[in-house]
Amino acid sequence: MKLKQLEGLLGTLQQFSHPKVELEQYPTGPHIASRLLYTAENTFGDISGKVVADFGCGCGTLGLASALLGAEQVIGIDIDPQSLEIASINAADMELDIDFIWCDVNKLRWRDDVVDTVVMNPPFGTRKKGSDMEFLAKALKVASQAVYSLHKTTTRDYIKRTAIRDCNARSADILCELRFDVPQIYKFHKKKEVNIAVDLWRFVPYPTQESADS
Amino acid sequence: MRLLTHNMLSCNIKGVANGFPLRLEAEKWVEKEVELNADFLRHIFPKIEWKALAGAARAVGYCELPEEADAAMLDSEDFLRRFHHALLEIHVEEGALVCPETGRGFPITKGIPNMLLHEDEV
Ligand SMILES: C[S@@+](CC[C@H](N)C(=O)[O-])C[C@H]1O[C@@H](n2cnc3c(N)ncnc32)[C@H](O)[C@@H]1O
């Protein structure tokens, strides 16, 4: 599938109808979402034929993009049932079968390493401090291959340091810097800042003992 | 929810030590054909807890999986087909996942397991 085609399809998805501010619900736009998944697939081979988890899947954009690029199994997790409902409708509309779990990502208990790749646009932690790092720590624990995530550029050094020191990351690389449109209600510092700089990261976890598999 | 997802879920209640596998109580399920990808099956096989998969498959009336499996079986077309079917073609729509230690049930509604915890479980 071509990048433009993927972007076009993602543009047709239904998004949050009544976004919940406390959960930092805003969608990853089709431009960013398509580039994230396209890079994961075409540069790193982390999507097709893999088990992909979408943490905080919202209306399913990243998970559905993974399925469109040939992920064998996609699992979307969100704490908000209304979002999961919209995500299910989006999946049905696109005739894609993906699994959903209604759960708090931080309370997830999964067997490690069944999931190959985690894709996510975590809450930036403006509402609940540290929630982006909680998502990242969990993602690096369950993924056996790679984690793709978006984080505010202003936190770049902190993310790198913490991922490597505390979150089981073997490497943490920025693939590109993007501009992210965040609706006015999520203003970050009381300024009119609605377009913030974010980094697209690729993290690679250390293997855990059991995964003798390639 | 497919059985591959079931195979990685553990009960997430605080303090539970043996929360895997969750017992599957299936009331309604559907089967949907998916193209078989042998490379994927070989890749995932070592990560699967076979007994849990065979048990979950039985819960949805599929009894064609052997009790035990080893990697040598992956050379058999027939085995791959059964493994593929159990793992990826069965979708549990309604039912529950039950913690083997506490008996707490997590309902599955419209295919989505509700794994949210109550306040006294976190
Ligand atoms: C920034 S949105 C991203 C939505 C979607 N992944 C996308 O890219 O369009 C963050 C999502 O995380 C969910 N969320 C927030 N806290 C969560 C938690 N503790 N566990 C699971 N999901 C959570 C929100 O409901 C929301 O859907």
# chains A, B, ... in the order shown; residues from 1 in each chain; ligands from 1

$ select_by_dssp --residues "chain B" --states "strand (DSSP E or B)" --output "NGL selection string"
:B and (2 or 9 or 23-31 or 90-98 or 105-109 or 112-114)

$ write_last_selection --atoms "C-alpha atoms" --output "PDB file, in the first residue's frame"
ATOM      1  CA  ARG B   2      -9.337 -14.288  19.511  1.00  0.00           C
ATOM      2  CA  LEU B   9      -3.862 -12.339  29.179  1.00  0.00           C
ATOM      3  CA  ARG B  23     -10.700 -19.861  32.162  1.00  0.00           C
ATOM      4  CA  LEU B  24     -12.742 -19.088  29.091  1.00  0.00           C
ATOM      5  CA  GLU B  25     -16.493 -19.307  29.430  1.00  0.00           C
ATOM      6  CA  ALA B  26     -17.812 -18.747  25.941  1.00  0.00           C
ATOM      7  CA  GLU B  27     -21.491 -18.160  25.260  1.00  0.00           C
ATOM      8  CA  LYS B  28     -21.267 -16.900  21.732  1.00  0.00           C
ATOM      9  CA  TRP B  29     -18.487 -17.016  19.183  1.00  0.00           C
ATOM     10  CA  VAL B  30     -18.057 -16.658  15.451  1.00  0.00           C
ATOM     11  CA  GLU B  31     -15.584 -18.085  12.992  1.00  0.00           C
ATOM     12  CA  ILE B  90     -12.351 -17.991  16.274  1.00  0.00           C
ATOM     13  CA  HIS B  91     -13.737 -14.796  17.799  1.00  0.00           C
ATOM     14  CA  VAL B  92     -15.368 -14.985  21.205  1.00  0.00           C
ATOM     15  CA  GLU B  93     -18.221 -12.463  21.198  1.00  0.00           C
ATOM     16  CA  GLU B  94     -19.956 -13.019  24.539  1.00  0.00           C
ATOM     17  CA  GLY B  95     -18.860 -14.775  27.683  1.00  0.00           C
ATOM     18  CA  ALA B  96     -16.338 -14.298  30.450  1.00  0.00           C
ATOM     19  CA  LEU B  97     -12.745 -14.833  31.484  1.00  0.00           C
ATOM     20  CA  VAL B  98     -12.456 -16.279  34.952  1.00  0.00           C
ATOM     21  CA  GLY B 105     -15.041 -13.099  36.211  1.00  0.00           C
ATOM     22  CA  PHE B 106     -14.170 -10.529  33.554  1.00  0.00           C
ATOM     23  CA  PRO B 107     -17.113 -10.214  31.173  1.00  0.00           C
ATOM     24  CA  ILE B 108     -16.678 -10.265  27.406  1.00  0.00           C
ATOM     25  CA  THR B 109     -19.270  -8.111  25.663  1.00  0.00           C
ATOM     26  CA  ILE B 112     -14.347  -6.936  24.152  1.00  0.00           C
ATOM     27  CA  PRO B 113     -13.140  -8.281  27.505  1.00  0.00           C
ATOM     28  CA  ASN B 114     -13.596  -5.841  30.353  1.00  0.00           C
TER      29      ASN B 114
END

$ residues_around --residues "Lys51 of chain B" --least-positions-apart "5" --cutoff "12 Å" --atoms "only C-alpha atoms" --output "list of chain:residue names"
B:Asn7, B:Phe20, B:Pro21, B:Leu22, B:Arg23, B:Ala56, B:Ala57, B:Arg58, B:Leu65, B:Pro66, B:Glu67, B:Glu68, B:Ala69, B:Asp70

$ residues_near_ligand --ligand "ligand 1" --cutoff "6 Å" --atoms "only C-alpha atoms and all ligand atoms" --output "PyMOL selection string"
chain A and resi 23-28+56-62+78-80+103-106+120-123

$ closest_residue --among "B:Asp78, B:Asp120, B:Glu64, B:Glu49" --to "Thr5 of chain B" --atoms "only C-alpha atoms"
B:Glu49

$ residues_around --residues "Asp93 of chain A" --least-positions-apart "6" --cutoff "12 Å" --atoms "only C-alpha atoms" --output "ChimeraX atom specification"
/A:9-10,12-14,64,86-87

$ write_last_selection --atoms "N, CA, C and O atoms" --output "mmCIF file, in the first residue's frame"
data_model
loop_
_atom_site.group_PDB
_atom_site.id
_atom_site.type_symbol
_atom_site.label_atom_id
_atom_site.label_comp_id
_atom_site.auth_asym_id
_atom_site.auth_seq_id
_atom_site.Cartn_x
_atom_site.Cartn_y
_atom_site.Cartn_z
ATOM 1 N N LEU A 9 -7.036 6.595 3.652
ATOM 2 C CA LEU A 9 -7.940 5.695 4.378
ATOM 3 C C LEU A 9 -8.081 6.120 5.838
ATOM 4 O O LEU A 9 -9.176 6.115 6.403
ATOM 5 N N LEU A 10 -6.971 6.498 6.458
ATOM 6 C CA LEU A 10 -7.026 6.897 7.867
ATOM 7 C C LEU A 10 -7.848 8.174 8.040
ATOM 8 O O LEU A 10 -8.464 8.395 9.079
ATOM 9 N N THR A 12 -10.567 8.789 6.743
ATOM 10 C CA THR A 12 -12.009 8.513 6.737
ATOM 11 C C THR A 12 -12.503 7.994 8.082
ATOM 12 O O THR A 12 -13.698 7.800 8.266
ATOM 13 N N LEU A 13 -11.586 7.740 9.024
ATOM 14 C CA LEU A 13 -12.009 7.148 10.298
ATOM 15 C C LEU A 13 -12.778 8.139 11.161
ATOM 16 O O LEU A 13 -12.471 9.333 11.198
ATOM 17 N N GLN A 14 -13.745 7.603 11.863
ATOM 18 C CA GLN A 14 -14.500 8.396 12.820
ATOM 19 C C GLN A 14 -13.606 8.648 14.045
ATOM 20 O O GLN A 14 -12.896 7.752 14.478
ATOM 21 N N LEU A 64 -5.522 0.229 13.391
ATOM 22 C CA LEU A 64 -6.110 -0.051 12.079
ATOM 23 C C LEU A 64 -5.081 0.153 10.973
ATOM 24 O O LEU A 64 -5.032 -0.620 10.018
ATOM 25 N N ILE A 86 -16.310 3.208 19.177
ATOM 26 C CA ILE A 86 -16.035 3.858 17.892
ATOM 27 C C ILE A 86 -14.968 3.080 17.129
ATOM 28 O O ILE A 86 -15.084 2.860 15.923
ATOM 29 N N ALA A 87 -13.949 2.630 17.854
ATOM 30 C CA ALA A 87 -12.878 1.861 17.200
ATOM 31 C C ALA A 87 -13.431 0.582 16.562
ATOM 32 O O ALA A 87 -13.034 0.212 15.454
#

$ select_by_dssp --residues "segment 4-89 of chain B" --states "helix (DSSP H, G or I)" --output "MDAnalysis selection string"
chainID B and resid 4:6 38:47 50:59 71:75 77:89

$ interface_residues --of "chain B" --to "chain A" --cutoff "9 Å" --atoms "only C-alpha atoms" --output "PyMOL selection string"
chain B and resi 1-2+4-5+7-14+20+37+39-40+43-44+46-48+88+91+111-117+122

$ atom_distance --atom1 "atom CA of Thr208 of chain A" --atom2 "atom CA of Arg170 of chain A"
11.7 Å

$ residues_around --residues "Leu74 of chain B" --least-positions-apart "5" --cutoff "7 Å" --atoms "only C-alpha atoms" --output "NGL selection string"
:B and (42 or 79-80)

$ closest_residue --among "B:Ala54, B:Gly15, B:His84, B:Cys63" --to "Leu41 of chain B" --atoms "only C-alpha atoms"
B:His84

$ closest_residue --among "A:Val147, A:Val204, A:Val194, A:Val21" --to "Ser171 of chain A" --atoms "only C-alpha atoms"
A:Val204

$ residues_around --residues "Arg165 of chain A" --least-positions-apart "6" --cutoff "12 Å" --atoms "only C-alpha atoms" --output "list in words"
Ala137, Tyr158, Ile159, Ser171, Ala172, Pro205 and Tyr206 of chain A

$ write_last_selection --atoms "N, CA, C and O atoms" --output "CSV table (one decimal), in the first residue's frame"
chain,number,residue,atom,x,y,z
A,137,ALA,N,7.0,2.4,29.8
A,137,ALA,CA,7.6,1.3,30.6
A,137,ALA,C,6.9,0.0,30.3
A,137,ALA,O,7.4,-1.1,30.1
A,158,TYR,N,15.0,13.9,28.7
A,158,TYR,CA,14.4,13.1,29.8
A,158,TYR,C,13.9,11.7,29.3
A,158,TYR,O,14.1,10.7,29.9
A,159,ILE,N,13.2,11.7,28.2
A,159,ILE,CA,12.7,10.5,27.6
A,159,ILE,C,13.8,9.5,27.3
A,159,ILE,O,13.8,8.3,27.7
A,171,SER,N,17.8,0.6,23.0
A,171,SER,CA,18.1,1.8,22.2
A,171,SER,C,16.9,2.7,22.2
A,171,SER,O,15.8,2.2,22.3
A,172,ALA,N,17.1,4.0,22.0
A,172,ALA,CA,16.0,5.0,21.9
A,172,ALA,C,16.4,6.0,20.8
A,172,ALA,O,17.3,6.7,21.0
A,205,PRO,N,13.5,-2.9,22.9
A,205,PRO,CA,13.7,-3.5,24.3
A,205,PRO,C,14.8,-4.5,24.4
A,205,PRO,O,15.1,-5.1,23.4
A,206,TYR,N,15.3,-4.7,25.5
A,206,TYR,CA,16.2,-5.8,25.8
A,206,TYR,C,15.4,-7.1,25.8
A,206,TYR,O,14.3,-7.1,26.3

$ atom_distance --atom1 "atom CA of Val52 of chain A" --atom2 "atom CA of Ser144 of chain A"
10.4 Å

$ atom_distance --atom1 "atom CA of Val16 of chain B" --atom2 "atom CA of Gly103 of chain B"
11.0 Å

$ residues_around --residues "Ile32 of chain A" --least-positions-apart "3" --cutoff "10 Å" --atoms "only C-alpha atoms" --output "mmCIF file with N, CA, C and O atoms, in the first residue's frame"
data_model
loop_
_atom_site.group_PDB
_atom_site.id
_atom_site.type_symbol
_atom_site.label_atom_id
_atom_site.label_comp_id
_atom_site.auth_asym_id
_atom_site.auth_seq_id
_atom_site.Cartn_x
_atom_site.Cartn_y
_atom_site.Cartn_z
ATOM 1 N N GLU A 7 -2.759 7.174 4.138
ATOM 2 C CA GLU A 7 -3.171 8.438 4.740
ATOM 3 C C GLU A 7 -4.629 8.735 4.401
ATOM 4 O O GLU A 7 -5.415 9.145 5.259
ATOM 5 N N THR A 28 -4.478 11.001 16.653
ATOM 6 C CA THR A 28 -3.301 11.208 15.824
ATOM 7 C C THR A 28 -3.823 11.434 14.414
ATOM 8 O O THR A 28 -4.545 10.588 13.878
ATOM 9 N N GLY A 29 -3.494 12.558 13.831
ATOM 10 C CA GLY A 29 -4.008 12.856 12.488
ATOM 11 C C GLY A 29 -3.473 11.875 11.461
ATOM 12 O O GLY A 29 -2.473 11.196 11.681
ATOM 13 N N ARG A 35 2.608 8.144 8.500
ATOM 14 C CA ARG A 35 4.076 8.134 8.451
ATOM 15 C C ARG A 35 4.672 7.235 9.531
ATOM 16 O O ARG A 35 5.663 6.536 9.311
ATOM 17 N N LEU A 36 4.061 7.268 10.682
ATOM 18 C CA LEU A 36 4.561 6.412 11.770
ATOM 19 C C LEU A 36 4.539 4.940 11.347
ATOM 20 O O LEU A 36 5.537 4.226 11.425
ATOM 21 N N LEU A 37 3.378 4.512 10.864
ATOM 22 C CA LEU A 37 3.248 3.096 10.514
ATOM 23 C C LEU A 37 4.019 2.729 9.263
ATOM 24 O O LEU A 37 4.571 1.637 9.162
ATOM 25 N N TYR A 38 4.063 3.664 8.325
ATOM 26 C CA TYR A 38 4.769 3.394 7.078
ATOM 27 C C TYR A 38 6.263 3.194 7.345
ATOM 28 O O TYR A 38 6.896 2.291 6.816
ATOM 29 N N LEU A 62 -4.083 3.977 14.983
ATOM 30 C CA LEU A 62 -2.770 3.340 14.798
ATOM 31 C C LEU A 62 -2.898 1.827 14.613
ATOM 32 O O LEU A 62 -2.195 1.233 13.795
ATOM 33 N N LEU A 150 5.021 8.662 20.382
ATOM 34 C CA LEU A 150 5.170 10.106 20.184
ATOM 35 C C LEU A 150 5.313 10.778 21.540
ATOM 36 O O LEU A 150 4.562 10.482 22.470
ATOM 37 N N LEU A 178 7.883 16.215 14.458
ATOM 38 C CA LEU A 178 6.644 16.536 13.765
ATOM 39 C C LEU A 178 5.907 17.653 14.499
ATOM 40 O O LEU A 178 6.212 17.950 15.653
ATOM 41 N N ARG A 179 4.949 18.229 13.835
ATOM 42 C CA ARG A 179 4.070 19.195 14.497
ATOM 43 C C ARG A 179 2.752 18.499 14.755
ATOM 44 O O ARG A 179 2.203 17.863 13.873
ATOM 45 N N PHE A 180 2.278 18.607 15.951
ATOM 46 C CA PHE A 180 1.075 17.881 16.328
ATOM 47 C C PHE A 180 -0.016 18.876 16.716
ATOM 48 O O PHE A 180 0.210 19.740 17.553
ATOM 49 N N LEU A 200 8.892 11.520 16.974
ATOM 50 C CA LEU A 200 8.513 10.129 16.752
ATOM 51 C C LEU A 200 9.711 9.268 17.138
ATOM 52 O O LEU A 200 10.791 9.399 16.568
#

$ decode --residues "segment 102-117 of chain B" --atoms "all heavy atoms" --output "mmCIF file, in the first residue's frame"
data_model
loop_
_atom_site.group_PDB
_atom_site.id
_atom_site.type_symbol
_atom_site.label_atom_id
_atom_site.label_comp_id
_atom_site.auth_asym_id
_atom_site.auth_seq_id
_atom_site.Cartn_x
_atom_site.Cartn_y
_atom_site.Cartn_z
ATOM 1 N N THR B 102 -8.896 -16.552 41.997
ATOM 2 C CA THR B 102 -9.922 -15.903 42.817
ATOM 3 C C THR B 102 -11.342 -16.198 42.355
ATOM 4 O O THR B 102 -12.294 -15.909 43.070
ATOM 5 C CB THR B 102 -9.757 -14.373 42.770
ATOM 6 O OG1 THR B 102 -9.927 -13.965 41.397
ATOM 7 C CG2 THR B 102 -8.399 -13.941 43.244
ATOM 8 N N GLY B 103 -11.490 -16.704 41.132
ATOM 9 C CA GLY B 103 -12.826 -16.942 40.606
ATOM 10 C C GLY B 103 -13.506 -15.683 40.079
ATOM 11 O O GLY B 103 -14.648 -15.721 39.619
ATOM 12 N N ARG B 104 -12.819 -14.558 40.135
ATOM 13 C CA ARG B 104 -13.380 -13.305 39.624
ATOM 14 C C ARG B 104 -13.578 -13.416 38.115
ATOM 15 O O ARG B 104 -12.706 -13.878 37.393
ATOM 16 C CB ARG B 104 -12.424 -12.160 39.969
ATOM 17 C CG ARG B 104 -12.437 -10.965 39.035
ATOM 18 C CD ARG B 104 -13.572 -9.992 39.353
ATOM 19 N NE ARG B 104 -13.142 -8.606 39.223
ATOM 20 C CZ ARG B 104 -13.280 -7.850 38.125
ATOM 21 N NH1 ARG B 104 -13.863 -8.348 37.054
ATOM 22 N NH2 ARG B 104 -12.844 -6.601 38.125
ATOM 23 N N GLY B 105 -14.749 -13.019 37.637
ATOM 24 C CA GLY B 105 -15.041 -13.099 36.211
ATOM 25 C C GLY B 105 -14.876 -11.742 35.541
ATOM 26 O O GLY B 105 -15.264 -10.720 36.097
ATOM 27 N N PHE B 106 -14.272 -11.742 34.364
ATOM 28 C CA PHE B 106 -14.170 -10.529 33.554
ATOM 29 C C PHE B 106 -15.073 -10.729 32.340
ATOM 30 O O PHE B 106 -14.781 -11.582 31.490
ATOM 31 C CB PHE B 106 -12.726 -10.305 33.101
ATOM 32 C CG PHE B 106 -11.750 -10.112 34.229
ATOM 33 C CD1 PHE B 106 -11.053 -11.197 34.765
ATOM 34 C CD2 PHE B 106 -11.520 -8.847 34.766
ATOM 35 C CE1 PHE B 106 -10.146 -11.022 35.802
ATOM 36 C CE2 PHE B 106 -10.616 -8.665 35.802
ATOM 37 C CZ PHE B 106 -9.924 -9.755 36.331
ATOM 38 N N PRO B 107 -16.160 -9.965 32.257
ATOM 39 C CA PRO B 107 -17.113 -10.214 31.173
ATOM 40 C C PRO B 107 -16.570 -9.842 29.789
ATOM 41 O O PRO B 107 -15.789 -8.897 29.662
ATOM 42 C CB PRO B 107 -18.299 -9.310 31.536
ATOM 43 C CG PRO B 107 -17.780 -8.311 32.508
ATOM 44 C CD PRO B 107 -16.584 -8.910 33.176
ATOM 45 N N ILE B 108 -16.990 -10.598 28.806
ATOM 46 C CA ILE B 108 -16.678 -10.265 27.406
ATOM 47 C C ILE B 108 -17.998 -9.847 26.756
ATOM 48 O O ILE B 108 -18.948 -10.621 26.735
ATOM 49 C CB ILE B 108 -16.116 -11.482 26.641
ATOM 50 C CG1 ILE B 108 -14.902 -12.068 27.367
ATOM 51 C CG2 ILE B 108 -15.772 -11.118 25.204
ATOM 52 C CD1 ILE B 108 -14.436 -13.416 26.792
ATOM 53 N N THR B 109 -18.049 -8.629 26.281
ATOM 54 C CA THR B 109 -19.270 -8.111 25.663
ATOM 55 C C THR B 109 -18.927 -7.562 24.284
ATOM 56 O O THR B 109 -17.969 -6.802 24.149
ATOM 57 C CB THR B 109 -19.864 -6.965 26.521
ATOM 58 O OG1 THR B 109 -19.859 -7.381 27.886
ATOM 59 C CG2 THR B 109 -21.287 -6.656 26.113
ATOM 60 N N LYS B 110 -19.700 -7.937 23.297
ATOM 61 C CA LYS B 110 -19.431 -7.539 21.903
ATOM 62 C C LYS B 110 -17.968 -7.780 21.540
ATOM 63 O O LYS B 110 -17.329 -6.949 20.888
ATOM 64 C CB LYS B 110 -19.775 -6.057 21.686
ATOM 65 C CG LYS B 110 -21.264 -5.766 21.760
ATOM 66 C CD LYS B 110 -21.517 -4.346 21.306
ATOM 67 C CE LYS B 110 -22.898 -3.870 21.694
ATOM 68 N NZ LYS B 110 -22.984 -2.407 21.727
ATOM 69 N N GLY B 111 -17.443 -8.876 22.020
ATOM 70 C CA GLY B 111 -16.077 -9.252 21.661
ATOM 71 C C GLY B 111 -14.998 -8.598 22.498
ATOM 72 O O GLY B 111 -13.819 -8.913 22.346
ATOM 73 N N ILE B 112 -15.367 -7.681 23.400
ATOM 74 C CA ILE B 112 -14.347 -6.936 24.152
ATOM 75 C C ILE B 112 -14.332 -7.348 25.625
ATOM 76 O O ILE B 112 -15.306 -7.137 26.344
ATOM 77 C CB ILE B 112 -14.602 -5.413 24.050
ATOM 78 C CG1 ILE B 112 -14.657 -4.990 22.580
ATOM 79 C CG2 ILE B 112 -13.514 -4.646 24.796
ATOM 80 C CD1 ILE B 112 -14.943 -3.508 22.370
ATOM 81 N N PRO B 113 -13.236 -7.949 26.082
ATOM 82 C CA PRO B 113 -13.140 -8.281 27.505
ATOM 83 C C PRO B 113 -12.988 -7.011 28.337
ATOM 84 O O PRO B 113 -12.232 -6.111 27.958
ATOM 85 C CB PRO B 113 -11.853 -9.118 27.613
ATOM 86 C CG PRO B 113 -11.365 -9.340 26.232
ATOM 87 C CD PRO B 113 -12.044 -8.375 25.331
ATOM 88 N N ASN B 114 -13.708 -6.966 29.433
ATOM 89 C CA ASN B 114 -13.596 -5.841 30.353
ATOM 90 C C ASN B 114 -12.647 -6.223 31.483
ATOM 91 O O ASN B 114 -13.021 -6.934 32.401
ATOM 92 C CB ASN B 114 -14.979 -5.486 30.892
ATOM 93 C CG ASN B 114 -14.916 -4.441 31.985
ATOM 94 O OD1 ASN B 114 -13.837 -3.990 32.363
ATOM 95 N ND2 ASN B 114 -16.075 -4.048 32.498
ATOM 96 N N MET B 115 -11.426 -5.730 31.397
ATOM 97 C CA MET B 115 -10.396 -6.065 32.389
ATOM 98 C C MET B 115 -10.168 -4.912 33.374
ATOM 99 O O MET B 115 -9.141 -4.868 34.042
ATOM 100 C CB MET B 115 -9.068 -6.414 31.695
ATOM 101 C CG MET B 115 -9.123 -7.530 30.679
ATOM 102 S SD MET B 115 -9.288 -9.183 31.392
ATOM 103 C CE MET B 115 -7.724 -9.372 32.224
ATOM 104 N N LEU B 116 -11.106 -3.990 33.429
ATOM 105 C CA LEU B 116 -10.977 -2.903 34.409
ATOM 106 C C LEU B 116 -11.135 -3.488 35.800
ATOM 107 O O LEU B 116 -11.969 -4.350 36.026
ATOM 108 C CB LEU B 116 -12.083 -1.867 34.206
ATOM 109 C CG LEU B 116 -11.912 -0.786 33.157
ATOM 110 C CD1 LEU B 116 -12.990 0.273 33.351
ATOM 111 C CD2 LEU B 116 -10.537 -0.149 33.201
ATOM 112 N N LEU B 117 -10.346 -2.976 36.727
ATOM 113 C CA LEU B 117 -10.396 -3.514 38.084
ATOM 114 C C LEU B 117 -11.252 -2.636 38.983
ATOM 115 O O LEU B 117 -11.388 -1.441 38.760
ATOM 116 C CB LEU B 117 -8.975 -3.593 38.651
ATOM 117 C CG LEU B 117 -8.023 -4.509 37.876
ATOM 118 C CD1 LEU B 117 -6.623 -4.400 38.445
ATOM 119 C CD2 LEU B 117 -8.507 -5.955 37.894
#
